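*Asks:* Pasting input-v1.txt below, which is compact mmCIF, C-alpha atoms and all ligand atoms.
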# COMPACT_ATOMS: atom_id res chain seq x y z
CA MET A 1 -38.04 -138.79 97.51
CA GLU A 2 -34.61 -139.65 98.83
CA LYS A 3 -36.01 -139.12 102.32
CA GLU A 4 -39.05 -141.33 101.69
CA LYS A 5 -36.77 -144.11 100.57
CA ARG A 6 -34.72 -143.78 103.71
CA ILE A 7 -37.81 -144.06 105.89
CA GLU A 8 -39.02 -147.10 103.95
CA ARG A 9 -35.60 -148.68 104.39
CA ALA A 10 -35.25 -147.83 108.07
CA TYR A 11 -38.66 -149.17 109.06
CA PRO A 12 -38.12 -152.90 108.37
CA ILE A 13 -34.95 -152.75 110.44
CA ALA A 14 -36.81 -151.02 113.27
CA LYS A 15 -39.53 -153.63 112.95
CA GLU A 16 -36.98 -156.39 113.41
CA GLU A 17 -35.37 -154.63 116.34
CA TYR A 18 -38.74 -154.49 118.06
CA ALA A 19 -39.62 -158.05 117.05
CA GLU A 20 -36.50 -159.15 118.85
CA ILE A 21 -37.94 -157.92 122.16
CA GLY A 22 -41.30 -159.45 121.30
CA VAL A 23 -43.01 -156.31 120.03
CA ASP A 24 -45.09 -156.23 116.85
CA THR A 25 -44.77 -152.73 115.33
CA GLU A 26 -47.61 -153.35 112.86
CA ARG A 27 -49.96 -154.11 115.71
CA ALA A 28 -48.80 -151.03 117.59
CA LEU A 29 -49.36 -148.80 114.56
CA ASP A 30 -52.77 -150.29 113.91
CA ARG A 31 -53.82 -149.62 117.51
CA LEU A 32 -52.43 -146.10 117.40
CA ASP A 33 -54.34 -145.45 114.21
CA ARG A 34 -57.60 -146.47 115.86
CA THR A 35 -57.13 -144.11 118.81
CA PRO A 36 -58.60 -140.65 118.31
CA VAL A 37 -57.42 -137.64 120.28
CA SER A 38 -59.99 -134.93 120.93
CA LEU A 39 -58.59 -131.59 119.77
CA HIS A 40 -59.93 -128.72 121.86
CA CYS A 41 -61.26 -125.83 119.78
CA TRP A 42 -60.01 -123.29 122.33
CA GLN A 43 -56.32 -123.33 121.39
CA ALA A 44 -57.21 -121.57 118.13
CA ASP A 45 -58.41 -118.35 119.77
CA ASP A 46 -57.03 -118.35 123.32
CA VAL A 47 -60.39 -119.41 124.85
CA SER A 48 -62.20 -116.33 123.52
CA GLY A 49 -65.29 -118.01 122.07
CA CYS A 50 -67.84 -116.78 119.53
CA GLU A 51 -70.39 -115.02 121.69
CA ARG A 52 -71.48 -111.48 121.01
CA SER A 53 -69.97 -110.12 124.18
CA ASP A 54 -66.71 -108.65 125.24
CA ALA A 55 -66.30 -110.66 128.41
CA ALA A 56 -62.61 -111.56 128.53
CA LEU A 57 -61.34 -114.97 129.63
CA SER A 58 -61.91 -115.04 133.38
CA GLY A 59 -62.79 -117.30 136.28
CA GLY A 60 -61.31 -120.29 138.02
CA GLY A 61 -57.79 -119.05 137.58
CA ILE A 62 -57.50 -120.01 133.92
CA GLN A 63 -55.45 -117.69 131.80
CA ALA A 64 -53.99 -117.61 128.29
CA THR A 65 -50.73 -115.71 128.18
CA GLY A 66 -48.96 -114.33 125.12
CA ASN A 67 -49.92 -112.28 122.08
CA TYR A 68 -48.68 -114.18 119.06
CA PRO A 69 -50.21 -112.72 115.88
CA GLY A 70 -52.80 -114.49 113.74
CA LYS A 71 -55.31 -115.53 116.41
CA ALA A 72 -58.59 -116.81 114.97
CA THR A 73 -61.35 -114.25 115.49
CA ASN A 74 -64.45 -116.05 114.25
CA LEU A 75 -65.92 -119.48 113.51
CA GLN A 76 -64.65 -119.60 109.95
CA GLU A 77 -61.10 -118.89 111.00
CA ILE A 78 -61.24 -121.43 113.80
CA ARG A 79 -62.47 -124.09 111.38
CA ARG A 80 -59.88 -123.24 108.81
CA ASP A 81 -57.12 -123.46 111.42
CA LEU A 82 -58.47 -126.77 112.72
CA ASP A 83 -58.57 -128.16 109.18
CA LYS A 84 -54.97 -127.15 108.76
CA ALA A 85 -54.00 -128.78 112.04
CA TYR A 86 -55.85 -132.04 111.24
CA SER A 87 -54.11 -132.15 107.86
CA LEU A 88 -50.74 -132.21 109.63
CA ILE A 89 -51.61 -134.86 112.20
CA PRO A 90 -51.69 -138.53 111.22
CA GLY A 91 -54.90 -140.50 111.85
CA ASN A 92 -58.54 -139.60 112.36
CA HIS A 93 -59.32 -137.44 115.38
CA ARG A 94 -62.13 -135.74 117.28
CA LEU A 95 -63.09 -132.18 118.11
CA ASN A 96 -63.81 -130.85 121.58
CA LEU A 97 -66.18 -127.88 121.58
CA HIS A 98 -67.10 -125.43 124.32
CA ALA A 99 -70.60 -123.99 124.56
CA MET A 100 -69.24 -120.48 123.95
CA TYR A 101 -68.28 -121.57 120.41
CA GLY A 102 -71.83 -121.82 119.06
CA ASP A 103 -72.74 -120.47 115.66
CA PHE A 104 -74.67 -117.49 116.98
CA GLY A 105 -74.39 -115.29 113.89
CA ASP A 106 -74.68 -111.73 115.07
CA ARG A 107 -77.26 -112.49 117.70
CA ARG A 108 -76.55 -112.41 121.40
CA VAL A 109 -77.76 -115.72 122.80
CA GLU A 110 -77.68 -116.05 126.59
CA ARG A 111 -76.05 -119.18 127.98
CA ASP A 112 -79.36 -120.39 129.39
CA ARG A 113 -80.95 -120.09 125.97
CA ILE A 114 -78.61 -122.07 123.72
CA GLU A 115 -80.06 -124.84 121.57
CA PRO A 116 -78.84 -127.66 119.33
CA GLU A 117 -79.50 -125.44 116.31
CA HIS A 118 -76.63 -123.18 117.37
CA PHE A 119 -74.31 -126.11 116.84
CA GLN A 120 -75.82 -127.45 113.64
CA SER A 121 -73.08 -125.98 111.48
CA TRP A 122 -70.46 -127.68 113.66
CA VAL A 123 -72.32 -130.98 113.29
CA ASP A 124 -72.36 -130.55 109.50
CA TRP A 125 -68.72 -129.58 109.51
CA ALA A 126 -67.71 -132.59 111.61
CA GLY A 127 -69.97 -134.90 109.62
CA ASP A 128 -68.27 -133.88 106.38
CA ARG A 129 -64.92 -134.72 107.90
CA ASN A 130 -66.08 -137.87 109.64
CA ILE A 131 -64.92 -136.70 113.05
CA GLY A 132 -66.69 -137.14 116.36
CA VAL A 133 -67.40 -134.16 118.59
CA ASP A 134 -67.19 -133.71 122.36
CA PHE A 135 -68.74 -130.85 124.30
CA ASN A 136 -68.27 -128.68 127.39
CA CYS A 137 -70.57 -126.31 129.20
CA THR A 138 -69.01 -122.85 129.65
CA LEU A 139 -69.35 -121.55 133.22
CA PHE A 140 -66.65 -118.88 133.11
CA SER A 141 -65.98 -115.57 131.29
CA HIS A 142 -69.47 -114.38 132.18
CA PRO A 143 -70.88 -111.73 134.54
CA LYS A 144 -72.93 -114.39 136.34
CA ALA A 145 -69.66 -116.16 137.24
CA ASP A 146 -67.96 -113.04 138.55
CA SER A 147 -68.79 -113.75 142.19
CA GLY A 148 -66.59 -116.85 141.95
CA TYR A 149 -69.49 -119.28 142.34
CA THR A 150 -71.80 -120.81 139.75
CA LEU A 151 -73.38 -124.20 140.46
CA SER A 152 -72.48 -123.72 144.12
CA SER A 153 -73.74 -120.16 144.35
CA ARG A 154 -75.89 -119.25 147.34
CA ASP A 155 -77.91 -117.02 145.04
CA ASP A 156 -80.74 -119.19 143.80
CA GLY A 157 -81.19 -117.20 140.60
CA ILE A 158 -77.55 -117.61 139.64
CA ARG A 159 -77.52 -121.29 140.49
CA ARG A 160 -80.67 -121.89 138.45
CA PHE A 161 -79.22 -119.95 135.51
CA TRP A 162 -76.15 -122.20 135.39
CA MET A 163 -78.14 -125.37 135.96
CA GLU A 164 -80.26 -124.47 132.96
CA HIS A 165 -77.09 -123.85 130.95
CA VAL A 166 -75.60 -127.24 131.80
CA LYS A 167 -78.90 -129.04 131.14
CA ARG A 168 -79.03 -127.48 127.70
CA CYS A 169 -75.41 -128.39 127.03
CA ARG A 170 -76.14 -132.05 127.78
CA GLU A 171 -79.13 -131.88 125.46
CA ILE A 172 -76.90 -130.38 122.75
CA GLY A 173 -74.23 -133.01 123.39
CA SER A 174 -76.74 -135.79 123.02
CA TYR A 175 -78.02 -134.24 119.80
CA ILE A 176 -74.47 -134.03 118.45
CA GLY A 177 -73.76 -137.63 119.43
CA LYS A 178 -76.93 -138.85 117.78
CA GLU A 179 -76.32 -136.91 114.57
CA LEU A 180 -72.72 -138.01 114.24
CA GLY A 181 -73.26 -141.60 115.33
CA THR A 182 -70.58 -141.51 118.01
CA PRO A 183 -71.17 -140.67 121.67
CA CYS A 184 -70.37 -137.10 122.64
CA ILE A 185 -68.53 -136.71 125.93
CA HIS A 186 -69.95 -133.80 127.85
CA ASN A 187 -67.51 -132.53 130.44
CA ILE A 188 -68.33 -130.27 133.36
CA TRP A 189 -65.66 -128.03 134.82
CA ILE A 190 -66.73 -125.13 137.02
CA PRO A 191 -64.56 -122.26 138.27
CA ASP A 192 -66.09 -122.16 141.76
CA GLY A 193 -63.77 -121.45 144.62
CA SER A 194 -62.24 -118.84 146.83
CA LYS A 195 -59.03 -116.89 147.07
CA ASP A 196 -58.97 -116.76 150.82
CA VAL A 197 -60.30 -118.62 153.82
CA THR A 198 -63.91 -119.75 153.89
CA VAL A 199 -65.97 -121.45 156.54
CA GLU A 200 -68.55 -122.66 154.04
CA ARG A 201 -66.69 -125.53 152.40
CA PHE A 202 -69.39 -128.02 153.27
CA LEU A 203 -72.27 -125.79 152.26
CA ARG A 204 -70.76 -125.08 148.84
CA ARG A 205 -70.18 -128.74 148.13
CA ARG A 206 -73.68 -129.59 149.23
CA LEU A 207 -75.02 -126.95 146.84
CA LEU A 208 -72.86 -128.31 144.01
CA LYS A 209 -74.09 -131.82 144.71
CA GLU A 210 -77.70 -130.67 144.64
CA SER A 211 -77.15 -128.85 141.37
CA LEU A 212 -75.49 -131.87 139.80
CA ASP A 213 -78.25 -134.20 141.02
CA ALA A 214 -80.84 -131.99 139.36
CA ILE A 215 -78.78 -131.76 136.17
CA PHE A 216 -78.23 -135.50 135.91
CA SER A 217 -81.81 -136.42 136.77
CA LYS A 218 -82.36 -136.37 133.03
CA LYS A 219 -80.97 -139.56 131.49
CA TYR A 220 -79.65 -139.92 127.97
CA ASP A 221 -78.77 -142.92 125.89
CA SER A 222 -75.05 -143.53 126.38
CA ASN A 223 -74.73 -144.13 122.65
CA THR A 224 -75.31 -140.41 122.22
CA LEU A 225 -74.01 -138.83 125.43
CA LYS A 226 -71.47 -139.65 128.10
CA ASP A 227 -71.08 -137.38 131.11
CA SER A 228 -67.84 -136.52 132.81
CA VAL A 229 -66.81 -134.25 135.68
CA GLU A 230 -63.45 -132.47 136.04
CA SER A 231 -61.80 -131.54 139.32
CA LYS A 232 -59.10 -129.05 140.14
CA LEU A 233 -56.82 -128.39 143.11
CA PHE A 234 -56.56 -124.61 142.87
CA GLY A 235 -56.28 -121.74 140.38
CA ILE A 236 -54.54 -118.37 140.30
CA GLY A 237 -56.77 -116.15 142.43
CA MET A 238 -58.55 -119.09 144.01
CA GLU A 239 -55.75 -120.60 146.01
CA SER A 240 -57.62 -121.48 149.18
CA TYR A 241 -60.60 -123.52 148.12
CA THR A 242 -61.99 -125.30 145.08
CA VAL A 243 -65.53 -126.58 145.41
CA GLY A 244 -65.10 -129.26 142.72
CA SER A 245 -62.10 -130.98 144.26
CA HIS A 246 -60.75 -134.36 143.20
CA GLU A 247 -62.20 -136.22 146.14
CA PHE A 248 -65.59 -134.60 145.62
CA TYR A 249 -65.83 -135.58 141.97
CA LEU A 250 -64.25 -138.98 142.43
CA GLY A 251 -66.96 -139.83 144.92
CA TYR A 252 -69.67 -138.26 142.80
CA ALA A 253 -68.56 -140.04 139.63
CA ILE A 254 -68.42 -143.41 141.34
CA GLU A 255 -71.79 -142.97 143.00
CA ASN A 256 -73.40 -141.91 139.73
CA ARG A 257 -71.39 -144.02 137.28
CA LEU A 258 -70.06 -141.01 135.37
CA LEU A 259 -66.74 -140.55 133.64
CA LEU A 260 -64.06 -138.79 135.65
CA CYS A 261 -61.86 -136.28 133.83
CA LEU A 262 -58.24 -136.22 135.00
CA ASP A 263 -56.45 -133.09 133.80
CA ILE A 264 -52.67 -133.33 134.14
CA GLY A 265 -52.49 -129.68 135.23
CA HIS A 266 -54.90 -130.07 138.11
CA PHE A 267 -52.85 -131.88 140.68
CA HIS A 268 -50.01 -131.06 143.02
CA PRO A 269 -46.66 -130.82 141.22
CA THR A 270 -45.37 -133.94 142.93
CA GLU A 271 -48.60 -135.85 142.46
CA GLN A 272 -48.84 -137.84 139.22
CA VAL A 273 -52.00 -138.25 137.21
CA SER A 274 -50.58 -141.42 135.69
CA ASP A 275 -50.63 -143.09 139.11
CA LYS A 276 -54.35 -142.38 139.48
CA VAL A 277 -55.31 -144.41 136.43
CA SER A 278 -55.06 -147.87 137.94
CA ALA A 279 -56.75 -146.74 141.14
CA VAL A 280 -59.77 -145.10 139.53
CA PHE A 281 -60.34 -147.86 136.98
CA GLN A 282 -61.07 -150.16 139.93
CA PHE A 283 -64.33 -148.26 140.37
CA LEU A 284 -65.19 -146.62 137.06
CA ASP A 285 -65.56 -147.99 133.55
CA GLU A 286 -64.33 -145.00 131.63
CA LEU A 287 -62.05 -142.03 132.13
CA LEU A 288 -61.45 -138.82 130.24
CA PHE A 289 -57.99 -137.29 130.17
CA HIS A 290 -57.01 -133.70 129.56
CA VAL A 291 -53.47 -133.97 128.31
CA THR A 292 -51.69 -130.72 129.04
CA ARG A 293 -48.38 -129.47 130.40
CA PRO A 294 -48.30 -127.65 133.71
CA VAL A 295 -45.19 -125.56 134.26
CA ARG A 296 -45.11 -124.68 137.98
CA TRP A 297 -48.89 -124.16 137.93
CA ASP A 298 -51.82 -125.22 135.75
CA SER A 299 -50.33 -123.08 132.99
CA ASP A 300 -51.66 -125.13 130.06
CA HIS A 301 -48.45 -125.09 128.08
CA VAL A 302 -48.40 -127.00 124.78
CA VAL A 303 -48.02 -130.74 125.35
CA THR A 304 -44.58 -132.12 124.64
CA LEU A 305 -43.26 -135.65 124.83
CA ASN A 306 -42.34 -135.60 128.51
CA ASP A 307 -42.19 -138.13 131.31
CA GLU A 308 -45.67 -137.47 132.64
CA VAL A 309 -47.41 -137.89 129.30
CA ARG A 310 -45.39 -141.02 128.62
CA ALA A 311 -46.20 -142.41 132.07
CA LEU A 312 -49.88 -141.67 131.53
CA MET A 313 -50.00 -143.57 128.23
CA GLN A 314 -48.04 -146.43 129.75
CA GLU A 315 -50.49 -146.73 132.62
CA ILE A 316 -53.44 -146.75 130.22
CA VAL A 317 -51.86 -149.40 128.00
CA TRP A 318 -50.45 -151.47 130.87
CA ALA A 319 -53.86 -151.51 132.55
CA ASP A 320 -55.24 -152.70 129.22
CA LYS A 321 -57.73 -149.81 129.30
CA LEU A 322 -57.08 -148.04 126.01
CA ASP A 323 -60.63 -148.84 124.92
CA ASN A 324 -61.98 -147.21 128.08
CA ALA A 325 -59.78 -144.12 127.97
CA HIS A 326 -60.84 -140.97 126.16
CA ILE A 327 -57.88 -138.82 125.30
CA GLY A 328 -58.47 -135.09 125.01
CA LEU A 329 -56.15 -132.12 124.96
CA ASP A 330 -56.32 -128.96 127.03
CA PHE A 331 -53.77 -126.24 126.42
CA PHE A 332 -53.98 -122.66 125.26
CA ASP A 333 -50.78 -120.92 124.46
CA ALA A 334 -51.19 -117.49 122.92
CA GLY A 335 -47.44 -117.07 122.65
CA ILE A 336 -46.67 -119.30 119.66
CA ASN A 337 -48.20 -120.17 116.31
CA ARG A 338 -51.52 -121.67 117.37
CA ILE A 339 -51.80 -124.26 114.62
CA GLY A 340 -48.24 -125.25 115.38
CA ALA A 341 -49.38 -125.69 118.98
CA TYR A 342 -52.11 -128.14 117.92
CA VAL A 343 -49.71 -130.12 115.79
CA ILE A 344 -46.95 -130.35 118.38
CA GLY A 345 -49.34 -131.20 121.20
CA THR A 346 -51.36 -133.82 119.33
CA ARG A 347 -48.38 -135.48 117.77
CA ALA A 348 -46.57 -135.56 121.12
CA THR A 349 -49.59 -137.28 122.66
CA GLN A 350 -49.63 -139.82 119.85
CA LYS A 351 -45.90 -140.37 120.16
CA ALA A 352 -46.30 -141.08 123.87
CA LEU A 353 -49.02 -143.58 123.07
CA LEU A 354 -46.99 -145.26 120.37
CA LEU A 355 -44.02 -145.50 122.73
CA ALA A 356 -46.25 -147.21 125.27
CA LEU A 357 -47.61 -149.56 122.59
CA LEU A 358 -44.04 -150.45 121.64
CA ASP A 359 -42.99 -151.39 125.16
CA PRO A 360 -42.15 -155.07 125.57
CA VAL A 361 -44.87 -155.41 128.20
CA GLU A 362 -45.15 -159.19 128.23
CA LYS A 363 -41.48 -159.66 128.87
CA MET A 364 -41.57 -156.95 131.50
CA ARG A 365 -44.49 -158.60 133.28
CA GLN A 366 -42.71 -161.94 133.23
CA TYR A 367 -39.54 -160.48 134.75
CA GLU A 368 -41.57 -158.77 137.42
CA LYS A 369 -43.49 -161.95 138.21
CA ASP A 370 -40.22 -163.84 138.54
CA GLY A 371 -38.83 -161.21 140.86
CA ARG A 372 -36.14 -160.33 138.33
CA LYS A 373 -35.90 -156.66 139.21
CA PHE A 374 -32.57 -155.94 137.59
CA GLU A 375 -33.74 -157.53 134.33
CA LEU A 376 -36.97 -155.55 134.41
CA LEU A 377 -35.21 -152.24 134.94
CA ALA A 378 -32.62 -153.05 132.28
CA LEU A 379 -35.25 -153.98 129.70
CA MET A 380 -37.19 -150.80 130.40
CA GLU A 381 -34.02 -148.78 130.01
CA GLU A 382 -33.12 -150.47 126.75
CA ALA A 383 -36.61 -149.99 125.36
CA LYS A 384 -35.97 -146.25 125.57
CA SER A 385 -33.33 -146.34 122.87
CA LYS A 386 -35.06 -148.65 120.39
CA PRO A 387 -35.58 -147.01 116.96
CA PHE A 388 -38.93 -145.53 117.87
CA GLY A 389 -38.41 -142.59 115.50
CA ALA A 390 -38.26 -144.92 112.50
CA VAL A 391 -41.65 -146.41 113.38
CA TRP A 392 -43.23 -143.02 113.98
CA ASP A 393 -41.82 -141.51 110.76
CA TYR A 394 -43.05 -144.52 108.85
CA TYR A 395 -46.53 -144.05 110.30
CA CYS A 396 -46.58 -140.37 109.26
CA LEU A 397 -45.34 -141.25 105.80
CA LYS A 398 -48.03 -143.92 105.37
CA LYS A 399 -50.71 -141.53 106.61
CA ASN A 400 -49.60 -138.88 104.12
CA VAL A 401 -48.77 -136.19 106.63
CA PRO A 402 -45.50 -134.30 106.77
CA VAL A 403 -42.75 -136.34 108.36
CA ALA A 404 -40.88 -134.92 111.36
CA GLU A 405 -39.63 -131.35 111.02
CA ALA A 406 -41.26 -131.01 107.60
CA VAL A 407 -44.26 -129.71 109.55
CA ILE A 408 -42.32 -126.56 110.39
CA ALA A 409 -42.30 -125.28 106.81
CA GLU A 410 -45.98 -126.22 106.42
CA ILE A 411 -46.90 -124.14 109.45
CA GLN A 412 -44.72 -121.26 108.28
CA ASN A 413 -46.38 -121.26 104.87
CA TYR A 414 -49.80 -121.20 106.49
CA GLU A 415 -48.68 -118.35 108.71
CA ASP A 416 -47.53 -116.32 105.71
CA ALA A 417 -50.47 -117.16 103.50
CA VAL A 418 -53.28 -116.96 106.04
CA LEU A 419 -52.50 -115.92 109.61
CA ASN A 420 -50.43 -112.85 108.87
CA LYS A 421 -53.27 -111.48 106.80
CA ARG A 422 -55.61 -111.45 109.78
CA SER A 423 -56.25 -108.19 111.56
CA SER A 424 -55.65 -109.45 115.11
C1 LIG B 501 -59.72 -125.46 133.58
C2 LIG B 501 -60.02 -126.81 133.00
C3 LIG B 501 -60.97 -126.82 131.82
C4 LIG B 501 -60.71 -125.69 130.85
C5 LIG B 501 -61.54 -125.77 129.60
C6 LIG B 501 -61.42 -124.52 128.77
O1 LIG B 501 -58.76 -125.49 134.57
O2 LIG B 501 -58.84 -127.47 132.66
O3 LIG B 501 -60.97 -128.06 131.21
O4 LIG B 501 -59.35 -125.59 130.52
O5 LIG B 501 -62.83 -126.05 129.94
ZN ZN B 502 -59.05 -129.43 131.65
Any chance you could put this one into structure tokens?
*Replies:*
Amino acid sequence: MEKEKRIERAYPIAKEEYAEIGVDTERALDRLDRTPVSLHCWQADDVSGCERSDAALSGGGIQATGNYPGKATNLQEIRRDLDKAYSLIPGNHRLNLHAMYGDFGDRRVERDRIEPEHFQSWVDWAGDRNIGVDFNCTLFSHPKADSGYTLSSRDDGIRRFWMEHVKRCREIGSYIGKELGTPCIHNIWIPDGSKDVTVERFLRRRLLKESLDAIFSKKYDSNTLKDSVESKLFGIGMESYTVGSHEFYLGYAIENRLLLCLDIGHFHPTEQVSDKVSAVFQFLDELLFHVTRPVRWDSDHVVTLNDEVRALMQEIVWADKLDNAHIGLDFFDAGINRIGAYVIGTRATQKALLLALLDPVEKMRQYEKDGRKFELLALMEEAKSKPFGAVWDYYCLKKNVPVAEAVIAEIQNYEDAVLNKRSS
């Protein structure tokens, strides 16, 4: 109670502080509240999925490291953990599903045989909670991906198998979008590439292009389905060549008016995803972001409030493209409490957005226009120490979620009561 009073008292002062630099905190909070983040189901179980198979996570150099106890081992546990995470994150968010997370019961359903019915229970679940759902085809952790090539395979049978999978995933995505009344973003990421030198770079990309053309020949109403493609620079074990490179997909997305997915972990360490935003929006209407935290490589560490995430949100807000930006998460850390990972990562993403929404942009633009570079830099520096925490705490309080470090005890309780009782 004492604490609540303090937050209620601190907020009006923070509001005035911001008003003084021309920033309306109410407007910022309202905009933040209307911005969903798509929580990826795969943090809950280290990208294991719900298929009846023992294929371990493999392909494309993605890897979950760690063995923290309490990992979710089935659909029910994943849903329970997600519910817990949503309950600790302010606002209304989305869910990002992978095809390997279908409700297959105890049947083994091949990837080229999946149907909307396998995702009906997810649709019901999301409908009950009023959350939108996004979708991804799964082209890794499968014997038919072991050669390192899927949609760019030279083996016609393998290529056809994966094309059929992706076609079905788009169909499922469109079904989900229609049922839930909010477009489902279907994202394609493939693991294709090679560890060492190859002379067939062109051939592989031509094959990928042909596969994609066939896949996208079927059109869906964009009120139910939006398509996006995700590039990568390299992965562990595929250092020399990635078929679906940035330039390939950038060109493909522009030519076909698709969404482009920019994953923070998929670029060179000195390259910044934030800087790509204003360039790509010149050609495309919408972008999808995978907010993650690369540490030395595409390690998918839990998102924290760091410079790159802040810069990304600033670029989106400064370009006035928040309505055209879809914000998703993509990390899988098996080394810490997994629900804690969701909460830290989502809240950090929201904090970065709120910080961007609280920047005195108009004043900054004016200074820049007038060539007042010192004033611009000074204002940006000062904005960093405005009482942002008071605004954020107030938002959490108003949204009835634990404020600040109060989430720690909540997560610990859940760990004691639920996670530690699991067999894994
Ligand atoms: C892999 C991509 C991709 C995956 C998910 C599981 O490098 O980032 O988005 O992480 O599809
Ligand atoms: Zn990604």
*Asks:* Which residues of chain A sit at most 8 Å from ligand LIG 501 (chain B), using all atoms listed in the file? Give each one's shortest atom pair and distance in Å (one decimal place), in chain and ascending residue order, as CSV.
*Replies:*
residue,atom,partner,partner_atom,distance
A:Trp42,CA,B:LIG501,C6,6.7
A:Val47,CA,B:LIG501,C6,6.5
A:Gly60,CA,B:LIG501,O1,6.7
A:Gly61,CA,B:LIG501,O1,7.2
A:Ile62,CA,B:LIG501,O1,5.7
A:His98,CA,B:LIG501,O5,7.1
A:Asn136,CA,B:LIG501,O5,6.6
A:Cys137,CA,B:LIG501,O5,7.8
A:Thr138,CA,B:LIG501,O5,7.0
A:Asn187,CA,B:LIG501,O3,8.0
A:Ile188,CA,B:LIG501,O5,7.7
A:Trp189,CA,B:LIG501,C3,5.7
A:Ile190,CA,B:LIG501,C1,7.8
A:Pro191,CA,B:LIG501,C1,7.5
A:Glu230,CA,B:LIG501,O3,7.0
A:Lys232,CA,B:LIG501,O1,6.6
A:Gly235,CA,B:LIG501,O1,7.3
A:Asp263,CA,B:LIG501,O2,6.2
A:Gly265,CA,B:LIG501,O2,7.2
A:His266,CA,B:LIG501,O1,7.0
A:His290,CA,B:LIG501,O3,7.1
A:Asp298,CA,B:LIG501,O1,7.0
A:Asp300,CA,B:LIG501,O4,7.7
A:Asp330,CA,B:LIG501,O4,5.7
A:Phe331,CA,B:LIG501,O4,7.0
*Asks:* Atoms to include: C-alpha atoms. Write the selected residues as a PDB file, in the frame of the given file.
*Replies:*
ATOM      1  CA  TRP A  42     -60.010-123.290 122.330  1.00  0.00           C
ATOM      2  CA  VAL A  47     -60.390-119.410 124.850  1.00  0.00           C
ATOM      3  CA  GLY A  60     -61.310-120.290 138.020  1.00  0.00           C
ATOM      4  CA  GLY A  61     -57.790-119.050 137.580  1.00  0.00           C
ATOM      5  CA  ILE A  62     -57.500-120.010 133.920  1.00  0.00           C
ATOM      6  CA  HIS A  98     -67.100-125.430 124.320  1.00  0.00           C
ATOM      7  CA  ASN A 136     -68.270-128.680 127.390  1.00  0.00           C
ATOM      8  CA  CYS A 137     -70.570-126.310 129.200  1.00  0.00           C
ATOM      9  CA  THR A 138     -69.010-122.850 129.650  1.00  0.00           C
ATOM     10  CA  ASN A 187     -67.510-132.530 130.440  1.00  0.00           C
ATOM     11  CA  ILE A 188     -68.330-130.270 133.360  1.00  0.00           C
ATOM     12  CA  TRP A 189     -65.660-128.030 134.820  1.00  0.00           C
ATOM     13  CA  ILE A 190     -66.730-125.130 137.020  1.00  0.00           C
ATOM     14  CA  PRO A 191     -64.560-122.260 138.270  1.00  0.00           C
ATOM     15  CA  GLU A 230     -63.450-132.470 136.040  1.00  0.00           C
ATOM     16  CA  LYS A 232     -59.100-129.050 140.140  1.00  0.00           C
ATOM     17  CA  GLY A 235     -56.280-121.740 140.380  1.00  0.00           C
ATOM     18  CA  ASP A 263     -56.450-133.090 133.800  1.00  0.00           C
ATOM     19  CA  GLY A 265     -52.490-129.680 135.230  1.00  0.00           C
ATOM     20  CA  HIS A 266     -54.900-130.070 138.110  1.00  0.00           C
ATOM     21  CA  HIS A 290     -57.010-133.700 129.560  1.00  0.00           C
ATOM     22  CA  ASP A 298     -51.820-125.220 135.750  1.00  0.00           C
ATOM     23  CA  ASP A 300     -51.660-125.130 130.060  1.00  0.00           C
ATOM     24  CA  ASP A 330     -56.320-128.960 127.030  1.00  0.00           C
ATOM     25  CA  PHE A 331     -53.770-126.240 126.420  1.00  0.00           C
TER      26      PHE A 331
END
*Asks:* Place a sphere of radius 9 Å on (-41.2, -152.4, 111.2) in the file coordinates and name every protein, DNA or RNA residue with an atom inside or on its surface, counting all atoms listed in the file; give the answer as a VMD selection string.
*Replies:* chain A and resid 10 to 19 24 to 26 390 to 391 394
*Asks:* Now that the selection is made, can you save its residues with C-alpha atoms as a short mmCIF file (atom, residue, chain, number, x, y, z; two decimals), in the coordinates of the input?
*Replies:*
data_model
loop_
_atom_site.label_atom_id
_atom_site.label_comp_id
_atom_site.auth_asym_id
_atom_site.auth_seq_id
_atom_site.Cartn_x
_atom_site.Cartn_y
_atom_site.Cartn_z
CA ALA A 10 -35.25 -147.83 108.07
CA TYR A 11 -38.66 -149.17 109.06
CA PRO A 12 -38.12 -152.90 108.37
CA ILE A 13 -34.95 -152.75 110.44
CA ALA A 14 -36.81 -151.02 113.27
CA LYS A 15 -39.53 -153.63 112.95
CA GLU A 16 -36.98 -156.39 113.41
CA GLU A 17 -35.37 -154.63 116.34
CA TYR A 18 -38.74 -154.49 118.06
CA ALA A 19 -39.62 -158.05 117.05
CA ASP A 24 -45.09 -156.23 116.85
CA THR A 25 -44.77 -152.73 115.33
CA GLU A 26 -47.61 -153.35 112.86
CA ALA A 390 -38.26 -144.92 112.50
CA VAL A 391 -41.65 -146.41 113.38
CA TYR A 394 -43.05 -144.52 108.85
#
*Asks:* If you measure from atom CA of Arg293 of chain A to atom CA of Ile264 of chain A, what distance in Å do you get, rounded to one decimal?
*Replies:* 6.9 Å
*Asks:* Using all atoms listed in the file, which of the listed residues (A:Leu355, A:Leu262, A:Ala378, A:Ala72) sits closest to Ser423 of chain A?
*Replies:*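 Using all atoms listed in the file, Ser423 of chain A sits closest to A:Ala72.
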*Asks:* Just the number, please: distance in Å from atom CA of Phe135 of chain A to atom CA of Cys169 of chain A, one decimal.
*Replies:*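 Separation between atom CA of Phe135 of chain A and atom CA of Cys169 of chain A: 7.6 Å.
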*Asks:* Residues of segment 72-186 of chain A that have any atom at most 7 Å from an atom of segment 339-347 of chain A: could you tabulate them with the shortest-distance atom pair and the distance in Å to one decimal, using all atoms listed in the file, ordered by chain and increasing number, as JSON lines?
*Replies:*
{"residue": "A:Asp81", "atom": "CA", "partner": "A:Ile339", "partner_atom": "CA", "distance": 6.3}
{"residue": "A:Ala85", "atom": "CA", "partner": "A:Ile339", "partner_atom": "CA", "distance": 5.7}
{"residue": "A:Leu88", "atom": "CA", "partner": "A:Val343", "partner_atom": "CA", "distance": 6.6}
{"residue": "A:Ile89", "atom": "CA", "partner": "A:Val343", "partner_atom": "CA", "distance": 6.2}
